[in-house]
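Below is the file entry-v1.pdb, which contains PDB, C-alpha atoms.
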```pdb
ATOM      1  CA  MET A   1     -62.671  22.896 -24.390  1.00  0.00           C
ATOM      2  CA  PRO A   2     -58.896  23.025 -23.769  1.00  0.00           C
ATOM      3  CA  PRO A   3     -56.838  24.955 -26.258  1.00  0.00           C
ATOM      4  CA  SER A   4     -55.377  22.692 -28.885  1.00  0.00           C
ATOM      5  CA  SER A   5     -51.991  23.126 -30.402  1.00  0.00           C
ATOM      6  CA  ASN A   6     -50.917  22.224 -33.860  1.00  0.00           C
ATOM      7  CA  GLN A   7     -47.370  21.468 -32.677  1.00  0.00           C
ATOM      8  CA  ASN A   8     -48.132  17.829 -31.856  1.00  0.00           C
ATOM      9  CA  PRO A   9     -50.517  16.315 -34.414  1.00  0.00           C
ATOM     10  CA  LEU A  10     -50.784  13.016 -32.481  1.00  0.00           C
ATOM     11  CA  GLY A  11     -52.451  14.622 -29.497  1.00  0.00           C
ATOM     12  CA  ASN A  12     -51.563  16.474 -26.356  1.00  0.00           C
ATOM     13  CA  SER A  13     -50.863  13.507 -24.073  1.00  0.00           C
ATOM     14  CA  LYS A  14     -47.360  12.994 -22.742  1.00  0.00           C
ATOM     15  CA  ALA A  15     -47.152   9.506 -24.204  1.00  0.00           C
ATOM     16  CA  ALA A  16     -47.899  10.848 -27.669  1.00  0.00           C
ATOM     17  CA  LYS A  17     -44.706  12.905 -27.555  1.00  0.00           C
ATOM     18  CA  PHE A  18     -42.436   9.875 -27.325  1.00  0.00           C
ATOM     19  CA  VAL A  19     -41.432   8.010 -30.427  1.00  0.00           C
ATOM     20  CA  ALA A  20     -40.442   4.360 -30.235  1.00  0.00           C
ATOM     21  CA  ALA A  21     -36.798   4.110 -31.222  1.00  0.00           C
ATOM     22  CA  ASN A  22     -34.246   1.323 -31.306  1.00  0.00           C
ATOM     23  CA  PRO A  23     -31.504   2.242 -28.785  1.00  0.00           C
ATOM     24  CA  LEU A  24     -29.025  -0.002 -30.616  1.00  0.00           C
ATOM     25  CA  ALA A  25     -29.613   1.625 -33.984  1.00  0.00           C
ATOM     26  CA  PRO A  26     -26.397   3.690 -33.820  1.00  0.00           C
ATOM     27  CA  LEU A  27     -24.419   0.471 -33.329  1.00  0.00           C
ATOM     28  CA  ALA A  28     -26.183  -1.242 -36.193  1.00  0.00           C
ATOM     29  CA  ASP A  29     -25.484   1.608 -38.586  1.00  0.00           C
ATOM     30  CA  PRO A  30     -22.864   4.000 -37.132  1.00  0.00           C
ATOM     31  CA  PHE A  31     -22.584   5.971 -40.377  1.00  0.00           C
ATOM     32  CA  SER A  32     -26.314   6.628 -40.735  1.00  0.00           C
ATOM     33  CA  GLY A  33     -26.038  10.255 -39.595  1.00  0.00           C
ATOM     34  CA  ILE A  34     -23.414  11.149 -42.188  1.00  0.00           C
ATOM     35  CA  SER A  35     -24.962  13.019 -45.059  1.00  0.00           C
ATOM     36  CA  GLY A  36     -23.834  12.441 -48.580  1.00  0.00           C
ATOM     37  CA  ALA A  37     -24.958  11.252 -51.923  1.00  0.00           C
ATOM     38  CA  GLU A  38     -25.642   7.591 -52.593  1.00  0.00           C
ATOM     39  CA  ASP A  39     -22.341   6.698 -54.164  1.00  0.00           C
ATOM     40  CA  GLU A  40     -19.408   4.390 -53.543  1.00  0.00           C
ATOM     41  CA  SER A  41     -18.480   5.946 -50.200  1.00  0.00           C
ATOM     42  CA  THR A  42     -21.995   5.448 -48.854  1.00  0.00           C
ATOM     43  CA  ALA A  43     -22.018   1.838 -50.033  1.00  0.00           C
ATOM     44  CA  LEU A  44     -18.593   1.347 -48.444  1.00  0.00           C
ATOM     45  CA  GLN A  45     -19.810   2.885 -45.183  1.00  0.00           C
ATOM     46  CA  LYS A  46     -22.786   0.554 -45.133  1.00  0.00           C
ATOM     47  CA  GLU A  47     -20.547  -2.435 -45.832  1.00  0.00           C
ATOM     48  CA  VAL A  48     -18.232  -1.451 -42.959  1.00  0.00           C
ATOM     49  CA  SER A  49     -21.233  -0.909 -40.714  1.00  0.00           C
ATOM     50  CA  ASN A  50     -22.610  -4.350 -41.567  1.00  0.00           C
ATOM     51  CA  ASN A  51     -19.185  -5.916 -40.981  1.00  0.00           C
ATOM     52  CA  VAL A  52     -18.877  -4.271 -37.554  1.00  0.00           C
ATOM     53  CA  GLN A  53     -22.389  -5.367 -36.614  1.00  0.00           C
ATOM     54  CA  GLN A  54     -21.682  -8.935 -37.724  1.00  0.00           C
ATOM     55  CA  ARG A  55     -18.467  -9.035 -35.665  1.00  0.00           C
ATOM     56  CA  LEU A  56     -20.271  -7.680 -32.590  1.00  0.00           C
ATOM     57  CA  GLU A  57     -22.983 -10.309 -32.899  1.00  0.00           C
ATOM     58  CA  THR A  58     -20.397 -13.075 -33.328  1.00  0.00           C
ATOM     59  CA  ALA A  59     -18.440 -11.889 -30.288  1.00  0.00           C
ATOM     60  CA  MET A  60     -21.592 -11.744 -28.185  1.00  0.00           C
ATOM     61  CA  GLU A  61     -22.558 -15.265 -29.244  1.00  0.00           C
ATOM     62  CA  GLU A  62     -19.079 -16.529 -28.321  1.00  0.00           C
ATOM     63  CA  LEU A  63     -19.300 -14.862 -24.900  1.00  0.00           C
ATOM     64  CA  LYS A  64     -22.749 -16.322 -24.309  1.00  0.00           C
ATOM     65  CA  GLU A  65     -21.457 -19.781 -25.246  1.00  0.00           C
ATOM     66  CA  LYS A  66     -18.437 -19.468 -22.949  1.00  0.00           C
ATOM     67  CA  HIS A  67     -20.621 -18.456 -20.018  1.00  0.00           C
ATOM     68  CA  ARG A  68     -23.167 -21.155 -20.776  1.00  0.00           C
ATOM     69  CA  THR A  69     -20.500 -23.901 -20.832  1.00  0.00           C
ATOM     70  CA  GLY A  70     -18.556 -22.477 -17.900  1.00  0.00           C
ATOM     71  CA  THR A  71     -15.332 -21.993 -19.852  1.00  0.00           C
ATOM     72  CA  ASN A  72     -15.297 -18.223 -19.381  1.00  0.00           C
ATOM     73  CA  GLU A  73     -12.348 -18.461 -16.962  1.00  0.00           C
ATOM     74  CA  VAL A  74     -10.183 -20.704 -19.112  1.00  0.00           C
ATOM     75  CA  ASP A  75      -7.480 -18.366 -20.326  1.00  0.00           C
ATOM     76  CA  ASP A  76      -4.868 -18.495 -22.998  1.00  0.00           C
ATOM     77  CA  VAL A  77      -1.678 -17.809 -21.018  1.00  0.00           C
ATOM     78  CA  ASP A  78       0.157 -16.722 -24.161  1.00  0.00           C
ATOM     79  CA  ARG A  79      -2.099 -13.708 -24.660  1.00  0.00           C
ATOM     80  CA  ALA A  80      -2.497 -12.141 -21.234  1.00  0.00           C
ATOM     81  CA  PRO A  81      -2.208 -13.239 -17.603  1.00  0.00           C
ATOM     82  CA  THR A  82      -5.848 -13.038 -16.540  1.00  0.00           C
ATOM     83  CA  GLY A  83      -8.006 -15.229 -14.347  1.00  0.00           C
ATOM     84  CA  THR A  84      -6.243 -18.475 -13.461  1.00  0.00           C
ATOM     85  CA  ALA A  85      -2.881 -17.142 -14.599  1.00  0.00           C
ATOM     86  CA  TYR A  86      -3.123 -14.291 -12.075  1.00  0.00           C
ATOM     87  CA  ARG A  87      -4.198 -16.699  -9.348  1.00  0.00           C
ATOM     88  CA  GLU A  88      -1.210 -18.948 -10.123  1.00  0.00           C
ATOM     89  CA  LEU A  89       1.146 -15.954 -10.054  1.00  0.00           C
ATOM     90  CA  HIS A  90      -0.235 -14.771  -6.698  1.00  0.00           C
ATOM     91  CA  ARG A  91       0.024 -18.304  -5.276  1.00  0.00           C
ATOM     92  CA  ARG A  92       3.711 -18.503  -6.280  1.00  0.00           C
ATOM     93  CA  GLN A  93       4.360 -15.050  -4.809  1.00  0.00           C
ATOM     94  CA  ARG A  94       2.736 -16.066  -1.509  1.00  0.00           C
ATOM     95  CA  GLU A  95       4.850 -19.229  -1.373  1.00  0.00           C
ATOM     96  CA  GLN A  96       8.025 -17.232  -2.028  1.00  0.00           C
ATOM     97  CA  ALA A  97       7.037 -14.729   0.663  1.00  0.00           C
ATOM     98  CA  LYS A  98       6.493 -17.570   3.151  1.00  0.00           C
ATOM     99  CA  VAL A  99       9.873 -19.096   2.310  1.00  0.00           C
ATOM    100  CA  SER A 100      11.686 -15.768   2.624  1.00  0.00           C
ATOM    101  CA  ALA A 101       9.881 -14.982   5.904  1.00  0.00           C
ATOM    102  CA  ALA A 102      10.872 -18.385   7.269  1.00  0.00           C
ATOM    103  CA  SER A 103      14.501 -17.870   6.228  1.00  0.00           C
ATOM    104  CA  ARG A 104      14.531 -14.390   7.813  1.00  0.00           C
ATOM    105  CA  GLN A 105      13.100 -15.880  10.996  1.00  0.00           C
ATOM    106  CA  LYS A 106      15.738 -18.638  11.008  1.00  0.00           C
ATOM    107  CA  GLU A 107      18.482 -16.065  10.417  1.00  0.00           C
ATOM    108  CA  ALA A 108      17.183 -13.905  13.280  1.00  0.00           C
ATOM    109  CA  GLU A 109      17.054 -16.951  15.568  1.00  0.00           C
ATOM    110  CA  ARG A 110      20.586 -17.953  14.582  1.00  0.00           C
ATOM    111  CA  SER A 111      21.764 -14.398  15.225  1.00  0.00           C
ATOM    112  CA  ARG A 112      20.143 -14.392  18.676  1.00  0.00           C
ATOM    113  CA  MET A 113      21.747 -17.734  19.475  1.00  0.00           C
ATOM    114  CA  GLU A 114      25.181 -16.445  18.426  1.00  0.00           C
ATOM    115  CA  GLU A 115      24.698 -13.288  20.494  1.00  0.00           C
ATOM    116  CA  ASN A 116      23.633 -15.310  23.535  1.00  0.00           C
ATOM    117  CA  GLN A 117      26.653 -17.604  23.107  1.00  0.00           C
ATOM    118  CA  GLN A 118      28.949 -14.597  22.862  1.00  0.00           C
ATOM    119  CA  ILE A 119      27.447 -13.145  26.071  1.00  0.00           C
ATOM    120  CA  LEU A 120      27.986 -16.488  27.821  1.00  0.00           C
ATOM    121  CA  ASN A 121      31.592 -16.597  26.603  1.00  0.00           C
ATOM    122  CA  VAL A 122      32.255 -13.055  27.864  1.00  0.00           C
ATOM    123  CA  ARG A 123      30.695 -13.894  31.254  1.00  0.00           C
ATOM    124  CA  GLU A 124      32.789 -17.045  31.518  1.00  0.00           C
ATOM    125  CA  HIS A 125      35.918 -15.094  30.598  1.00  0.00           C
ATOM    126  CA  MET A 126      35.108 -12.425  33.212  1.00  0.00           C
ATOM    127  CA  ARG A 127      34.430 -15.110  35.833  1.00  0.00           C
ATOM    128  CA  ARG A 128      37.788 -16.752  35.097  1.00  0.00           C
ATOM    129  CA  MET A 129      39.567 -13.418  35.231  1.00  0.00           C
ATOM    130  CA  ASN A 130      37.911 -12.575  38.558  1.00  0.00           C
ATOM    131  CA  PHE A 131      38.607 -16.031  39.928  1.00  0.00           C
ATOM    132  CA  GLY A 132      42.206 -15.802  38.720  1.00  0.00           C
ATOM    133  CA  GLU A 133      42.666 -12.373  40.365  1.00  0.00           C
ATOM    134  CA  LYS A 134      41.319 -13.684  43.647  1.00  0.00           C
ATOM    135  CA  GLU A 135      43.606 -16.681  43.409  1.00  0.00           C
ATOM    136  CA  ASN A 136      46.576 -14.468  42.553  1.00  0.00           C
ATOM    137  CA  ALA A 137      45.635 -12.105  45.359  1.00  0.00           C
ATOM    138  CA  ASP A 138      45.529 -15.025  47.791  1.00  0.00           C
ATOM    139  CA  ASN A 139      48.909 -16.252  46.525  1.00  0.00           C
ATOM    140  CA  TYR A 140      50.356 -12.755  46.800  1.00  0.00           C
ATOM    141  CA  ASP A 141      49.198 -12.497  50.408  1.00  0.00           C
ATOM    142  CA  ASP A 142      50.642 -15.917  51.135  1.00  0.00           C
ATOM    143  CA  ASP A 143      54.047 -14.936  49.763  1.00  0.00           C
ATOM    144  CA  LYS A 144      54.396 -12.022  52.171  1.00  0.00           C
ATOM    145  CA  ASP A 145      53.712 -14.078  55.243  1.00  0.00           C
TER     146      ASP A 145
END
```

Using the file provided, produce a representation of the structure as structure tokens.
Amino acid sequence: MPPSSNQNPLGNSKAAKFVAANPLAPLADPFSGISGAEDESTALQKEVSNNVQQRLETAMEELKEKHRTGTNEVDDVDRAPTGTAYRELHRRQREQAKVSAASRQKEAERSRMEENQQILNVREHMRRMNFGEKENADNYDDDKD
């Protein structure tokens, strides 16, 4: 016969060592671990605990309802820019970025056109000066004859 121990009166099996507990019990009564006499402060703590639990349950029901009806992304823009408000903000920023990129591109194109025109003007001026020098050189040679 295996040695028995008096440490666990329910038996020696592993399952007998576990006690069924409610994992949400601390949320239901957060002040349950505080020791003290049953007086006004304990009654007040229980009232606060019940109030917190009631608010949590109400909030969870509201969230469930919002998700069930599909209104979980409808936001109040006065409170915080979440969901659709962020998407709208990002859409406006993308549009502004496109407009500014297009204007920068137009400005760069205009600048290139001006630079090309200036190069053409300088070439034309140099051609005229060279043509004029040749003409003057021809006239100068003609005068000496």

Atom CA of A:Arg55 to atom CA of A:His67: how many Å, to one decimal?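 About the pair atom CA of A:Arg55 and atom CA of A:His67: they are 18.4 Å apart.
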
What is the distance, in Å and to one decimal place, between atom CA of A:Lys64 and atom CA of A:Leu89?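 It comes out at 27.8 Å.
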
Enter the distance from atom CA of A:Gln53 to atom CA of A:Leu24, in Å, rounded to one decimal.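 Those two atoms sit 10.4 Å apart.
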
Just need stretch 101-128 of chain A in a file, please: N, CA, C and O atoms, as a short mmCIF file (atom, residue, chain, number, x, y, z; two decimals), in the first residue's frame.
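As written to disk, decode_3.cif reads:
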```cif
data_model
loop_
_atom_site.label_atom_id
_atom_site.label_comp_id
_atom_site.auth_asym_id
_atom_site.auth_seq_id
_atom_site.Cartn_x
_atom_site.Cartn_y
_atom_site.Cartn_z
N ALA A 101 3.29 67.79 -54.73
CA ALA A 101 4.22 67.10 -55.64
C ALA A 101 3.99 67.56 -57.07
O ALA A 101 4.95 67.79 -57.82
N ALA A 102 2.74 67.73 -57.46
CA ALA A 102 2.44 68.19 -58.81
C ALA A 102 2.95 69.62 -59.01
O ALA A 102 3.51 69.95 -60.07
N SER A 103 2.78 70.48 -58.01
CA SER A 103 3.26 71.85 -58.15
C SER A 103 4.78 71.90 -58.19
O SER A 103 5.36 72.68 -58.95
N ARG A 104 5.45 71.04 -57.40
CA ARG A 104 6.92 70.98 -57.46
C ARG A 104 7.38 70.50 -58.83
O ARG A 104 8.35 71.02 -59.38
N GLN A 105 6.66 69.53 -59.38
CA GLN A 105 7.01 69.02 -60.70
C GLN A 105 6.81 70.10 -61.76
O GLN A 105 7.66 70.27 -62.64
N LYS A 106 5.72 70.85 -61.67
CA LYS A 106 5.48 71.93 -62.63
C LYS A 106 6.54 73.01 -62.50
O LYS A 106 7.03 73.53 -63.50
N GLU A 107 6.93 73.33 -61.27
CA GLU A 107 7.96 74.34 -61.04
C GLU A 107 9.30 73.87 -61.60
O GLU A 107 10.03 74.65 -62.23
N ALA A 108 9.63 72.60 -61.42
CA ALA A 108 10.88 72.06 -61.96
C ALA A 108 10.85 72.10 -63.48
O ALA A 108 11.85 72.44 -64.13
N GLU A 109 9.72 71.75 -64.07
CA GLU A 109 9.58 71.79 -65.54
C GLU A 109 9.72 73.22 -66.05
O GLU A 109 10.40 73.47 -67.04
N ARG A 110 9.08 74.16 -65.37
CA ARG A 110 9.18 75.56 -65.77
C ARG A 110 10.62 76.04 -65.65
O ARG A 110 11.14 76.74 -66.54
N SER A 111 11.31 75.63 -64.61
CA SER A 111 12.70 76.02 -64.42
C SER A 111 13.58 75.44 -65.53
O SER A 111 14.46 76.13 -66.06
N ARG A 112 13.33 74.19 -65.91
CA ARG A 112 14.10 73.59 -67.00
C ARG A 112 13.84 74.32 -68.32
O ARG A 112 14.76 74.55 -69.10
N MET A 113 12.58 74.68 -68.54
CA MET A 113 12.23 75.40 -69.76
C MET A 113 12.94 76.75 -69.80
O MET A 113 13.48 77.15 -70.85
N GLU A 114 12.94 77.47 -68.69
CA GLU A 114 13.62 78.76 -68.63
C GLU A 114 15.12 78.60 -68.87
O GLU A 114 15.74 79.39 -69.58
N GLU A 115 15.70 77.58 -68.27
CA GLU A 115 17.13 77.32 -68.44
C GLU A 115 17.45 76.99 -69.89
O GLU A 115 18.44 77.50 -70.46
N ASN A 116 16.62 76.15 -70.51
CA ASN A 116 16.82 75.82 -71.92
C ASN A 116 16.69 77.06 -72.80
O ASN A 116 17.46 77.24 -73.75
N GLN A 117 15.72 77.91 -72.50
CA GLN A 117 15.53 79.15 -73.28
C GLN A 117 16.73 80.06 -73.12
O GLN A 117 17.20 80.67 -74.09
N GLN A 118 17.26 80.14 -71.91
CA GLN A 118 18.43 80.97 -71.67
C GLN A 118 19.64 80.44 -72.45
O GLN A 118 20.40 81.21 -73.03
N ILE A 119 19.81 79.12 -72.48
CA ILE A 119 20.90 78.51 -73.25
C ILE A 119 20.75 78.84 -74.73
O ILE A 119 21.72 79.21 -75.42
N LEU A 120 19.50 78.73 -75.23
CA LEU A 120 19.26 79.06 -76.64
C LEU A 120 19.57 80.53 -76.92
O LEU A 120 20.16 80.86 -77.96
N ASN A 121 19.20 81.41 -76.00
CA ASN A 121 19.47 82.84 -76.19
C ASN A 121 20.98 83.11 -76.21
O ASN A 121 21.46 83.90 -77.02
N VAL A 122 21.72 82.46 -75.31
CA VAL A 122 23.17 82.64 -75.28
C VAL A 122 23.80 82.11 -76.57
O VAL A 122 24.69 82.77 -77.15
N ARG A 123 23.35 80.97 -77.05
CA ARG A 123 23.87 80.41 -78.30
C ARG A 123 23.59 81.36 -79.48
O ARG A 123 24.46 81.58 -80.34
N GLU A 124 22.37 81.86 -79.50
CA GLU A 124 22.01 82.80 -80.59
C GLU A 124 22.87 84.05 -80.51
O GLU A 124 23.35 84.54 -81.54
N HIS A 125 23.09 84.55 -79.31
CA HIS A 125 23.92 85.74 -79.14
C HIS A 125 25.35 85.46 -79.60
O HIS A 125 25.97 86.27 -80.29
N MET A 126 25.89 84.29 -79.22
CA MET A 126 27.24 83.92 -79.63
C MET A 126 27.31 83.75 -81.16
O MET A 126 28.29 84.16 -81.79
N ARG A 127 26.30 83.17 -81.75
CA ARG A 127 26.27 82.99 -83.20
C ARG A 127 26.28 84.34 -83.89
O ARG A 127 27.04 84.57 -84.84
N ARG A 128 25.48 85.28 -83.40
CA ARG A 128 25.43 86.62 -83.98
C ARG A 128 26.77 87.33 -83.82
O ARG A 128 27.22 88.03 -84.74
#
```
